[in-house]
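Working notes for the structure below.
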Amino acid sequence: MLWIELLNSEWRDWKGDGHLTDKLMDLEWRQKFAAQLGWGELPYPSEDQVEKLVHLRSELHNWARHLQQNSGLTLDAIERLNGWMAAGGYRKRLMKREERLVLTEETLLKNWDTLTAAFADSFAQFTAEGEPSRIKFCDNPNCLWVFLDETRNRTKRYCDDKLCGNLMKVRRFRAKIKTGAKPDEQ
Ligand SMILES: [Zn+2]
């Protein structure tokens, strides 16, 4: 999902101290990112466009937290989200495919502004049709990777059990040895 991709453009040193690297500030990475999302080879964004992207990301971060904590979106947040989407340059088309009618959406103009709007659009669609209770932030406080928990009981705690999951297990184990508790007790 586009909005999750945007949130995860903040990379943390999950194995270490959680040091943050903002990949949106990495010129090469940013260009590749847009291309991978289907926006092709865009000209470099202006400072103002980068600022907007970063701003939207922090708003989406806040709102995703709200949704995750079940507090929903305020009217003000909804207004702001609508504002972000207003720059979207796409139109819908009804098409016939093998006797079936399908509604497609095509982006008319691919630039940094329409990509920014598309991130907001993807989040808005998720709030209306998705399941907010699936939003998770990795339980490793030095990672905080955003993902959707697809387990039935919403029990997934880490972005990756083999990576952050194991790391946290080792940390708990060490903490217990330090305090003199039996390490085999979870
Ligand atoms: Zn993680």
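The way I read the labels, and the way they are meant: chains A, B, ... in the order of the structure tokens, residue 1 as the first residue of every chain, and ligand 1 as the first ligand shown, with later ones counted on from there.
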
Could you give me, as number ranges by chain, every polymer residue with an atom at most 10 Å away from an atom of ligand 1, counting only C-alpha atoms and all ligand atoms? A: 12-15, 137-147, 157-165, 167-168

Those residues you just picked out, can you put them in a file as a tab-separated table (two decimals), in the first residue's frame with N, CA and C atoms?
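Contents of part_25.tsv, freshly written:
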chain	number	residue	atom	x	y	z
A	12	ARG	N	15.28	3.03	10.44
A	12	ARG	CA	15.97	3.10	11.74
A	12	ARG	C	16.97	1.96	11.85
A	13	ASP	N	17.98	2.23	12.64
A	13	ASP	CA	18.99	1.20	12.92
A	13	ASP	C	18.37	0.23	13.93
A	14	TRP	N	17.59	-0.69	13.41
A	14	TRP	CA	16.81	-1.58	14.28
A	14	TRP	C	17.67	-2.52	15.12
A	15	LYS	N	18.90	-2.84	14.62
A	15	LYS	CA	19.78	-3.74	15.36
A	15	LYS	C	20.53	-2.97	16.44
A	137	PHE	N	2.89	-1.04	14.40
A	137	PHE	CA	4.24	-0.47	14.39
A	137	PHE	C	5.10	-1.53	15.07
A	138	CYS	N	6.18	-1.93	14.43
A	138	CYS	CA	7.01	-3.01	14.98
A	138	CYS	C	7.31	-2.75	16.46
A	139	ASP	N	7.21	-3.80	17.27
A	139	ASP	CA	7.39	-3.71	18.71
A	139	ASP	C	8.83	-3.47	19.14
A	140	ASN	N	9.75	-3.61	18.19
A	140	ASN	CA	11.12	-3.25	18.51
A	140	ASN	C	11.17	-1.72	18.49
A	141	PRO	N	11.36	-1.08	19.67
A	141	PRO	CA	11.29	0.39	19.73
A	141	PRO	C	12.34	1.08	18.86
A	142	ASN	N	13.37	0.34	18.44
A	142	ASN	CA	14.38	0.93	17.57
A	142	ASN	C	14.08	0.66	16.10
A	143	CYS	N	12.94	0.05	15.82
A	143	CYS	CA	12.59	-0.26	14.44
A	143	CYS	C	11.36	0.55	14.02
A	144	LEU	N	10.22	0.26	14.66
A	144	LEU	CA	8.97	0.99	14.41
A	144	LEU	C	8.47	0.89	12.96
A	145	TRP	N	8.93	-0.13	12.22
A	145	TRP	CA	8.47	-0.36	10.84
A	145	TRP	C	6.95	-0.52	10.85
A	146	VAL	N	6.30	0.05	9.84
A	146	VAL	CA	4.84	-0.03	9.79
A	146	VAL	C	4.42	-1.19	8.90
A	147	PHE	N	3.46	-1.96	9.37
A	147	PHE	CA	2.96	-3.07	8.55
A	147	PHE	C	1.51	-3.35	8.89
A	157	ARG	N	3.67	-9.10	16.30
A	157	ARG	CA	4.24	-7.97	17.04
A	157	ARG	C	5.41	-7.32	16.30
A	158	TYR	N	6.08	-8.11	15.48
A	158	TYR	CA	7.29	-7.58	14.85
A	158	TYR	C	7.15	-7.55	13.33
A	159	CYS	N	7.89	-6.63	12.72
A	159	CYS	CA	7.86	-6.53	11.26
A	159	CYS	C	8.32	-7.85	10.66
A	160	ASP	N	9.29	-8.48	11.34
A	160	ASP	CA	9.81	-9.76	10.88
A	160	ASP	C	10.25	-10.56	12.10
A	161	ASP	N	9.61	-11.70	12.30
A	161	ASP	CA	9.92	-12.50	13.49
A	161	ASP	C	11.36	-12.97	13.53
A	162	LYS	N	11.91	-13.21	12.34
A	162	LYS	CA	13.28	-13.72	12.29
A	162	LYS	C	14.29	-12.61	12.59
A	163	LEU	N	13.92	-11.38	12.29
A	163	LEU	CA	14.85	-10.27	12.53
A	163	LEU	C	14.54	-9.60	13.86
A	164	CYS	N	13.55	-8.70	13.86
A	164	CYS	CA	13.24	-7.98	15.10
A	164	CYS	C	12.76	-8.93	16.20
A	165	GLY	N	11.99	-9.95	15.84
A	165	GLY	CA	11.48	-10.89	16.83
A	165	GLY	C	12.61	-11.57	17.58
A	167	LEU	N	15.76	-10.65	17.72
A	167	LEU	CA	16.59	-9.65	18.41
A	167	LEU	C	15.99	-9.32	19.77
A	168	MET	N	14.67	-9.13	19.82
A	168	MET	CA	14.01	-8.78	21.07
A	168	MET	C	14.04	-9.94	22.06

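All residues in stretch 8-183 of chain A with a DSSP state of strand (DSSP E), computed from the backbone, read Glu10, Trp11, Arg12, Leu20, Thr21, Asp22, Tyr90, Arg91, Lys92, Arg93, Leu94, Met95, Lys96, Arg97, Arg100, Leu101, Val102, Leu103, Thr104, Glu105, Glu106, Thr107, Ile135, Lys136, Phe137, Val146, Phe147 and Leu148 of chain A.
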
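From atom CA of A:Leu101 back to atom CA of A:Ala117, the distance works out to 26.7 Å.
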
Set the distance at 10 Å and use only C-alpha atoms: which residues neighbour A:Thr155 once local chain neighbours fewer than 6 positions away are removed? I'd like the list as an MDAnalysis selection string. chainID A and resid 134 136 149

Using atom CA of A:Gly38 and atom CA of A:Leu20 as the two end points, give the distance in Å to one decimal. 26.4 Å

Using only C-alpha atoms for the distances, tell me which of A:Leu67, A:Leu53, A:Leu60, A:Ala77 is nearest to A:Thr116. A:Leu53

Would you kindly return, as a PyMOL selection string, each protein, DNA or RNA residue with an atom no farther than 12 Å from any atom of stretch 42-51 of chain A, considering only C-alpha atoms and excluding same-chain residues fewer than 2 positions away? chain A and resi 22-40+53-58+109-117

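You will find atom CA of A:Ala86 at 9.7 Å from atom CA of A:Ala118.
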
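Proximity to A:Leu7 was assessed for A:Thr104, A:Phe173, A:Gly89, A:Phe123 counting only C-alpha atoms; the smallest distance is recorded for A:Phe123.
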
Per-residue DSSP, stretch 2-182 of chain A, filtered to helix (DSSP H, G or I), as a ChimeraX atom specification: /A:2-7,23-25,27-39,47-68,75-85,112-129,132-134,161-179

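Residue nearest A:Glu5 within the list A:His61, A:Arg80, A:Lys96, A:Lys52: A:His61 [criterion: smallest interatomic distance, only C-alpha atoms].
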
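You can rank A:Val102, A:Ala181, A:Val170, A:Ala64 by their closest distance to A:Ala124 using only C-alpha atoms, and at the top of that list sits A:Ala64.
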
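Among the candidate residues A:Asn82, A:Thr151, A:Gln68, A:Asn166, the one lying nearest to A:Ser133 is A:Gln68, with distances computed using only C-alpha atoms.
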